[in-house]
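A.B. asks: What follows is a structure written as structure tokens; I'll ask about it next.
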Amino acid sequence: MKIALLGYGKMGKTIEALAIKRGHTIVLRCDDTSENDLKNADIAIDFSIPEAAFNNISKCLNNNTPIVSGTTGWLDKYNDAVALCKDKDGAFIYASNFSLGVTIFFELNKTLAKMMSNLKEYTIDLEEIHHTQKLDAPSGTAITLAESIIDNHQKYTQWKLDSNAENTVSISAKRLDNVPGTHRIKYVSAVDTLEIKHTAHSREGFALGAIVAAEWLVDKTGVFTMKDVLNIR
Ligand SMILES: NC(=O)c1ccc[n+]([C@@H]2O[C@H](COP(=O)([O-])OP(=O)(O)OC[C@H]3O[C@@H](n4cnc5c(N)ncnc54)[C@H](O)[C@@H]3O)[C@@H](O)[C@H]2O)c1
Ligand SMILES: O=C(O)C1=N[C@H](C(=O)O)CCC1
């Protein structure tokens, strides 16, 4: 595939190295708002910044270029991106976390929230840890996890950073040097603690997931998730 990289920072460069190893060609490396010609690209992969993501996605959909987006912190406009994709009969996939492990972790989180839903003894604690250059907090992955808990556990109706409020999934966001991404969900009662945790050892898992998603999306139309790519039911 001929790939356009929208965002050529830590993730863009990791994707470039892995995509070349998988036999793909990088035809565009875009790292700012300058106008870029997408016509030589079979697909675009956006790992940029929250303020740029929706514009980049829109440009691709208007240009009939399938687009894989992993940028977090822009989801107030997600429904607009979905509507534009449908209007243009385009191809779009977004995931707050493209790694295979986290895609499975999302399913574990959902199942655990359902199982815990009637157990009043337990309170929940969600923690994410990332590197100090990360612009957004909480992480997109933590928000996806919290929203799924809210959808599947009868007690919780909202999420907030560092909160003791009733019916609230409290998220703690820590920033430490060189941490690629760690997410942990704890259910704590007076007598025990049950926890699930995902630890990324590098950015390669995110990059591989995004490339696999691009390979899968390139000849399709529609709006998809990583569950579609990995055929998880
Ligand atoms: N979904 C996932 O699996 C996943 C994994 C890792 C990171 N992320 C997200 O991806 C994004 C990028 O992460 P990163 O670690 O590569 O950040 P980074 O800061 O290293 O790179 C972002 C790059 O985007 C560039 N940029 C700024 N404006 C732009 C524009 N208009 N168009 C294109 N590029 C522009 C910046 O110059 C920078 O080089 C973040 O939102 C992060 O949360 C998602
Ligand atoms: O490094 C980042 O930034 C990451 N962002 C995503 C998020 O916000 O969840 C995924 C993990 C790494």
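Letters A, B, ... mark the chains of the structure tokens in the order given; residue numbers begin at 1 per chain; ligand numbers begin at 1, in order shown.
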Leaving out Ser96 in chain A and any residue of its chain fewer than 5 positions from it, which residues lie within 8 Å of it when counting only C-alpha atoms, given as an mmCIF file with C-alpha atoms, in the first residue's frame?
C.D. replies:
```cif
data_model
loop_
_atom_site.group_PDB
_atom_site.id
_atom_site.type_symbol
_atom_site.label_atom_id
_atom_site.label_comp_id
_atom_site.auth_asym_id
_atom_site.auth_seq_id
_atom_site.Cartn_x
_atom_site.Cartn_y
_atom_site.Cartn_z
ATOM 1 C CA GLY A 70 -5.485 6.944 16.313
ATOM 2 C CA THR A 71 -5.289 10.533 17.552
ATOM 3 C CA THR A 72 -7.010 10.989 20.909
ATOM 4 C CA GLY A 140 -8.340 8.131 25.108
ATOM 5 C CA THR A 141 -8.043 4.503 26.178
ATOM 6 C CA THR A 144 -13.108 4.243 26.287
#
```
A.B. asks: Please identify all protein, DNA and RNA residues within 9 Å of ligand 2, counting only C-alpha atoms and all ligand atoms, and report them as a PyMOL selection string.
C.D. replies: chain A and resi 10-11+70-73+95-99+128+130-131+133-144+179-183+200+203+206
A.B. asks: Using only C-alpha atoms and all ligand atoms, pick whichever of A:Lys59, A:Arg184, A:Lys13, A:Lys77 has the shortest atom-to-atom distance to ligand 1.
C.D. replies: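 Nearest candidate to ligand 1 out of A:Lys59, A:Arg184, A:Lys13, A:Lys77: A:Lys13.
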A.B. asks: Which distance in Å separates CA of Ala53 in chain A and CA of Glu147 in chain A, to one decimal?
C.D. replies: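 Those two atoms sit 21.1 Å apart.
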A.B. asks: Tell me, which residues of range 93-213 of chain A carry DSSP alpha helix (DSSP H), written as an MDAnalysis selection string?
C.D. replies: chainID A and resid 100:116 140:152 204:213
A.B. asks: Give the answer as one residue: which of A:Asp80, A:Glu215, A:Asp125, A:Asp32 has the shortest atom-to-atom distance to Met1 in chain A, using only C-alpha atoms?
C.D. replies: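 Nearest candidate to Met1 in chain A out of A:Asp80, A:Glu215, A:Asp125, A:Asp32: A:Glu215.
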A.B. asks: Using DSSP on the backbone coordinates, identify the residues of range 6-166 of chain A assigned to strand (DSSP E); present them as number ranges by chain.
C.D. replies: A: 6, 25-30, 43-46, 67-69, 91-94, 123-130, 158-161
A.B. asks: Using only C-alpha atoms, which residues sit within 10 Å of Ile185 in chain A once same-chain residues fewer than 5 positions away are excluded, as a list of chain:residue names?
C.D. replies: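 Neighbouring residues, sequence-local ones excluded: A:Asn109, A:Leu112, A:Ile124, A:Asp125, A:Leu126, A:Glu127, A:Glu128, A:Ala142, A:Leu145, A:Ala146, A:Ile171, A:Leu194, A:Glu195, A:Ile196, A:Lys197, A:His198.
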A.B. asks: Take the residues that were just selected and, keeping N, CA, C and O atoms, output them as an mmCIF file, in the first residue's frame.
C.D. replies:
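Saved result, part_37.cif, follows:
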```cif
data_model
loop_
_atom_site.group_PDB
_atom_site.id
_atom_site.type_symbol
_atom_site.label_atom_id
_atom_site.label_comp_id
_atom_site.auth_asym_id
_atom_site.auth_seq_id
_atom_site.Cartn_x
_atom_site.Cartn_y
_atom_site.Cartn_z
ATOM 1 N N ASN A 109 -12.864 -5.805 30.146
ATOM 2 C CA ASN A 109 -13.421 -4.719 30.966
ATOM 3 C C ASN A 109 -14.945 -4.727 30.920
ATOM 4 O O ASN A 109 -15.618 -4.597 31.950
ATOM 5 N N LEU A 112 -16.275 -7.794 32.845
ATOM 6 C CA LEU A 112 -16.084 -7.615 34.286
ATOM 7 C C LEU A 112 -17.097 -6.603 34.835
ATOM 8 O O LEU A 112 -17.675 -6.812 35.916
ATOM 9 N N ILE A 124 -14.872 1.116 42.228
ATOM 10 C CA ILE A 124 -13.957 0.987 41.095
ATOM 11 C C ILE A 124 -12.875 2.075 41.135
ATOM 12 O O ILE A 124 -13.107 3.179 41.629
ATOM 13 N N ASP A 125 -11.735 1.708 40.604
ATOM 14 C CA ASP A 125 -10.627 2.660 40.521
ATOM 15 C C ASP A 125 -9.922 2.418 39.177
ATOM 16 O O ASP A 125 -9.528 1.293 38.890
ATOM 17 N N LEU A 126 -9.859 3.448 38.335
ATOM 18 C CA LEU A 126 -9.253 3.301 36.998
ATOM 19 C C LEU A 126 -7.998 4.183 36.942
ATOM 20 O O LEU A 126 -8.079 5.387 37.215
ATOM 21 N N GLU A 127 -6.878 3.579 36.610
ATOM 22 C CA GLU A 127 -5.628 4.348 36.551
ATOM 23 C C GLU A 127 -4.992 4.207 35.173
ATOM 24 O O GLU A 127 -4.972 3.114 34.610
ATOM 25 N N GLU A 128 -4.492 5.326 34.632
ATOM 26 C CA GLU A 128 -3.668 5.248 33.413
ATOM 27 C C GLU A 128 -2.347 5.949 33.683
ATOM 28 O O GLU A 128 -2.299 6.950 34.413
ATOM 29 N N ALA A 142 -8.375 5.308 28.464
ATOM 30 C CA ALA A 142 -9.049 5.351 29.766
ATOM 31 C C ALA A 142 -10.498 5.814 29.590
ATOM 32 O O ALA A 142 -11.414 5.298 30.252
ATOM 33 N N LEU A 145 -12.505 2.932 28.256
ATOM 34 C CA LEU A 145 -12.752 1.969 29.344
ATOM 35 C C LEU A 145 -13.860 2.487 30.269
ATOM 36 O O LEU A 145 -14.792 1.747 30.617
ATOM 37 N N ALA A 146 -13.769 3.766 30.653
ATOM 38 C CA ALA A 146 -14.754 4.341 31.577
ATOM 39 C C ALA A 146 -16.149 4.345 30.948
ATOM 40 O O ALA A 146 -17.144 4.015 31.608
ATOM 41 N N ILE A 171 -10.973 8.484 37.409
ATOM 42 C CA ILE A 171 -9.782 8.122 36.628
ATOM 43 C C ILE A 171 -8.585 8.877 37.198
ATOM 44 O O ILE A 171 -8.643 10.100 37.363
ATOM 45 N N LEU A 194 -9.868 -6.994 43.089
ATOM 46 C CA LEU A 194 -9.784 -7.715 41.825
ATOM 47 C C LEU A 194 -9.320 -6.702 40.784
ATOM 48 O O LEU A 194 -9.903 -5.621 40.683
ATOM 49 N N GLU A 195 -8.262 -7.020 40.037
ATOM 50 C CA GLU A 195 -7.807 -6.021 39.071
ATOM 51 C C GLU A 195 -7.407 -6.639 37.734
ATOM 52 O O GLU A 195 -6.965 -7.794 37.674
ATOM 53 N N ILE A 196 -7.601 -5.851 36.669
ATOM 54 C CA ILE A 196 -7.103 -6.222 35.347
ATOM 55 C C ILE A 196 -6.212 -5.080 34.860
ATOM 56 O O ILE A 196 -6.468 -3.910 35.164
ATOM 57 N N LYS A 197 -5.166 -5.454 34.116
ATOM 58 C CA LYS A 197 -4.171 -4.436 33.751
ATOM 59 C C LYS A 197 -3.588 -4.738 32.373
ATOM 60 O O LYS A 197 -3.347 -5.907 32.052
ATOM 61 N N HIS A 198 -3.369 -3.703 31.580
ATOM 62 C CA HIS A 198 -2.643 -3.844 30.317
ATOM 63 C C HIS A 198 -1.428 -2.931 30.354
ATOM 64 O O HIS A 198 -1.543 -1.740 30.669
#
```
A.B. asks: Using only C-alpha atoms, which residues sit within 12 Å of Asp228 in chain A once same-chain residues fewer than 2 positions away are excluded, as a VMD selection string?
C.D. replies: chain A and resid 92 to 95 103 212 to 213 216 to 217 220 222 to 226 230 to 233
A.B. asks: Would you write out those residues with C-alpha atoms, as a PDB file, in the first residue's frame?
C.D. replies:
```
ATOM      1  CA  PHE A  92     -12.932   5.373   8.322  1.00  0.00           C
ATOM      2  CA  ILE A  93     -11.689   3.582  11.394  1.00  0.00           C
ATOM      3  CA  TYR A  94     -10.921   5.118  14.761  1.00  0.00           C
ATOM      4  CA  ALA A  95      -9.540   3.419  17.875  1.00  0.00           C
ATOM      5  CA  THR A 103      -8.714  -4.590  22.013  1.00  0.00           C
ATOM      6  CA  VAL A 212      -3.169  -4.087  10.219  1.00  0.00           C
ATOM      7  CA  ALA A 213      -6.294  -1.887  10.378  1.00  0.00           C
ATOM      8  CA  TRP A 216      -7.946  -4.404   6.284  1.00  0.00           C
ATOM      9  CA  LEU A 217      -9.711  -1.072   5.517  1.00  0.00           C
ATOM     10  CA  LYS A 220     -13.770  -1.303   2.108  1.00  0.00           C
ATOM     11  CA  GLY A 222     -17.963   2.216   5.979  1.00  0.00           C
ATOM     12  CA  VAL A 223     -17.180   3.167   9.569  1.00  0.00           C
ATOM     13  CA  PHE A 224     -15.405   0.472  11.567  1.00  0.00           C
ATOM     14  CA  THR A 225     -13.728  -0.383  14.885  1.00  0.00           C
ATOM     15  CA  MET A 226     -10.833  -2.675  15.800  1.00  0.00           C
ATOM     16  CA  LEU A 230      -9.947  -8.555  14.456  1.00  0.00           C
ATOM     17  CA  ASN A 231     -13.367 -10.184  13.975  1.00  0.00           C
ATOM     18  CA  ILE A 232     -14.123 -10.158  17.714  1.00  0.00           C
ATOM     19  CA  ARG A 233     -17.731 -10.991  18.551  1.00  0.00           C
TER      20      ARG A 233
END
```
A.B. asks: Report, in Å with one decimal, the straight-line distance from CA of Leu38 in chain A to CA of Gly23 in chain A.
C.D. replies: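 Taking CA of Leu38 in chain A as the start and CA of Gly23 in chain A as the end point, the length is 19.7 Å.
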A.B. asks: In Å, how far is it from CA of Thr132 in chain A to CA of Arg175 in chain A?
C.D. replies: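 A separation of 5.0 Å between them.
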A.B. asks: With a distance cut-off of 6 Å and only C-alpha atoms, select the neighbouring residues of range 153-160 of chain A, excluding the residue or stretch itself and same-chain residues fewer than 4 positions from it, and output the selection as a ChimeraX atom specification.
C.D. replies: /A:113-114,117,149,167-170
A.B. asks: With distances taken over only C-alpha atoms, which residue among A:Gly7, A:Gly12, A:Gly101, A:Gly90 lies nearest Ser34 in chain A?
C.D. replies: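 Of A:Gly7, A:Gly12, A:Gly101, A:Gly90, the one nearest Ser34 in chain A, counting only C-alpha atoms, is A:Gly7.
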A.B. asks: If we count only C-alpha atoms and set the cut-off at 10 Å, which residues sit around Tyr78 in chain A, ignoring sequence neighbours fewer than 4 positions away in its own chain? Please answer as number ranges by chain.
C.D. replies: A: 54, 74, 82-84, 94
A.B. asks: Write out as number ranges by chain each polymer residue whose atoms come within 9 Å of Ala4 in chain A, counting only C-alpha atoms; drop sequence neighbours fewer than 4 positions from it.
C.D. replies: A: 25-30, 38, 40-46
A.B. asks: Mind dumping the selected residues with N, CA and C atoms as a PDB file, in the first residue's frame?
C.D. replies:
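Generated output (again24.pdb):
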```pdb
ATOM      1  N   THR A  25       4.821   1.435   1.227  1.00  0.00           N
ATOM      2  CA  THR A  25       5.616   2.614   0.861  1.00  0.00           C
ATOM      3  C   THR A  25       4.988   3.836   1.516  1.00  0.00           C
ATOM      4  N   ILE A  26       5.830   4.706   2.047  1.00  0.00           N
ATOM      5  CA  ILE A  26       5.314   5.961   2.623  1.00  0.00           C
ATOM      6  C   ILE A  26       5.408   7.033   1.538  1.00  0.00           C
ATOM      7  N   VAL A  27       4.247   7.575   1.123  1.00  0.00           N
ATOM      8  CA  VAL A  27       4.261   8.554   0.022  1.00  0.00           C
ATOM      9  C   VAL A  27       4.099   9.984   0.537  1.00  0.00           C
ATOM     10  N   LEU A  28       3.730  10.135   1.811  1.00  0.00           N
ATOM     11  CA  LEU A  28       3.573  11.480   2.368  1.00  0.00           C
ATOM     12  C   LEU A  28       3.836  11.440   3.869  1.00  0.00           C
ATOM     13  N   ARG A  29       4.659  12.395   4.330  1.00  0.00           N
ATOM     14  CA  ARG A  29       4.892  12.570   5.772  1.00  0.00           C
ATOM     15  C   ARG A  29       4.482  13.993   6.082  1.00  0.00           C
ATOM     16  N   CYS A  30       3.338  14.157   6.737  1.00  0.00           N
ATOM     17  CA  CYS A  30       2.815  15.505   6.988  1.00  0.00           C
ATOM     18  C   CYS A  30       2.831  15.761   8.490  1.00  0.00           C
ATOM     19  N   LEU A  38      -2.990  14.254  -1.427  1.00  0.00           N
ATOM     20  CA  LEU A  38      -3.249  12.876  -1.002  1.00  0.00           C
ATOM     21  C   LEU A  38      -3.427  11.943  -2.189  1.00  0.00           C
ATOM     22  N   ASN A  40      -1.652  10.482  -4.344  1.00  0.00           N
ATOM     23  CA  ASN A  40      -0.791   9.305  -4.556  1.00  0.00           C
ATOM     24  C   ASN A  40      -0.958   8.230  -3.492  1.00  0.00           C
ATOM     25  N   ALA A  41      -1.802   8.504  -2.471  1.00  0.00           N
ATOM     26  CA  ALA A  41      -1.902   7.566  -1.342  1.00  0.00           C
ATOM     27  C   ALA A  41      -3.104   6.632  -1.485  1.00  0.00           C
ATOM     28  N   ASP A  42      -2.891   5.337  -1.158  1.00  0.00           N
ATOM     29  CA  ASP A  42      -4.023   4.391  -1.101  1.00  0.00           C
ATOM     30  C   ASP A  42      -4.795   4.588   0.190  1.00  0.00           C
ATOM     31  N   ILE A  43      -4.102   5.046   1.235  1.00  0.00           N
ATOM     32  CA  ILE A  43      -4.717   5.163   2.561  1.00  0.00           C
ATOM     33  C   ILE A  43      -3.921   6.175   3.374  1.00  0.00           C
ATOM     34  N   ALA A  44      -4.583   6.807   4.351  1.00  0.00           N
ATOM     35  CA  ALA A  44      -3.888   7.728   5.261  1.00  0.00           C
ATOM     36  C   ALA A  44      -4.005   7.213   6.692  1.00  0.00           C
ATOM     37  N   ILE A  45      -2.942   7.469   7.471  1.00  0.00           N
ATOM     38  CA  ILE A  45      -2.955   7.095   8.891  1.00  0.00           C
ATOM     39  C   ILE A  45      -2.647   8.353   9.692  1.00  0.00           C
ATOM     40  N   ASP A  46      -3.608   8.743  10.546  1.00  0.00           N
ATOM     41  CA  ASP A  46      -3.482   9.989  11.308  1.00  0.00           C
ATOM     42  C   ASP A  46      -3.137   9.724  12.774  1.00  0.00           C
TER      43      ASP A  46
END
```
A.B. asks: My list of candidates is A:Met116, A:Cys85, A:Leu208, A:Ala91. Which is closest to ligand 1 when distances are computed with only C-alpha atoms and all ligand atoms?
C.D. replies: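 Checking each candidate against ligand 1, we get A:Leu208 as the closest.
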A.B. asks: Under the rule that only C-alpha atoms are counted, which of A:Asp162, A:Glu16, A:Asp89, A:Glu107 is the nearest residue to Asn63 in chain A?
C.D. replies: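 Residue with the minimum atom-to-atom distance to Asn63 in chain A: A:Asp89.
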A.B. asks: Which residue is closest to ligand 1? Choose from A:Asn152, A:Asp192, A:Ile67, A:Ser202 and count only C-alpha atoms and all ligand atoms.
C.D. replies: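 Of all the options, A:Ser202 lies closest to ligand 1.
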